[in-house]
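What follows is one structure encoded as structure tokens, with my remarks underneath.
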Amino acid sequence: MRIGILASQGAFAEHIATLYQLKVEALPVRLPKQLRGLDGLIIPGGESFCQR
């Protein structure tokens with residue numbers, strides 16, 4: 001499985017590290033052409049909204 005992480009905002013490096021621990025191939029995505037061949041895309045951001 002190949003999952004892309006939008007690498008323009010948020011904590012994308014932490015998302016990549018977590019997916020690697022789960023044995024999932026994770027790739028930073030910065031350009032539209034990098035979306036080809038992915039099984040999914042994570043769009044980081046909004047983490048600060050989770051805090052109460």
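Within each chain, counting starts at residue 1; across the structure tokens, chains are named A, B, ... in the order shown, with ligands numbered 1 upward in that order.
Excluding region 20-32 of chain A itself and same-chain residues fewer than 2 positions from it, the residues having an atom within 7 Å of it are A:Met1, A:Arg2, A:Ile3, A:Gly4, A:Ile5, A:Leu6, A:Ala7, A:Ser8, A:Ile16, A:Ala17, A:Thr18, A:Gln34, A:Leu35, counting only C-alpha atoms.
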Exercise for review: Enumerate as a VMD selection string all residues of region 7-52 of chain A assigned to helix (DSSP H, G or I) by DSSP on the backbone, naming them with the chain letters and numbers the document uses.
Suggested key: chain A and resid 12 to 21 32 to 35 47 to 50
Exercise for review: Could you pull out the residues in chain A that DSSP calls strand (DSSP E) from the backbone, as an NGL selection string?
Suggested key: :A and (2-6 or 25-29 or 40-42)
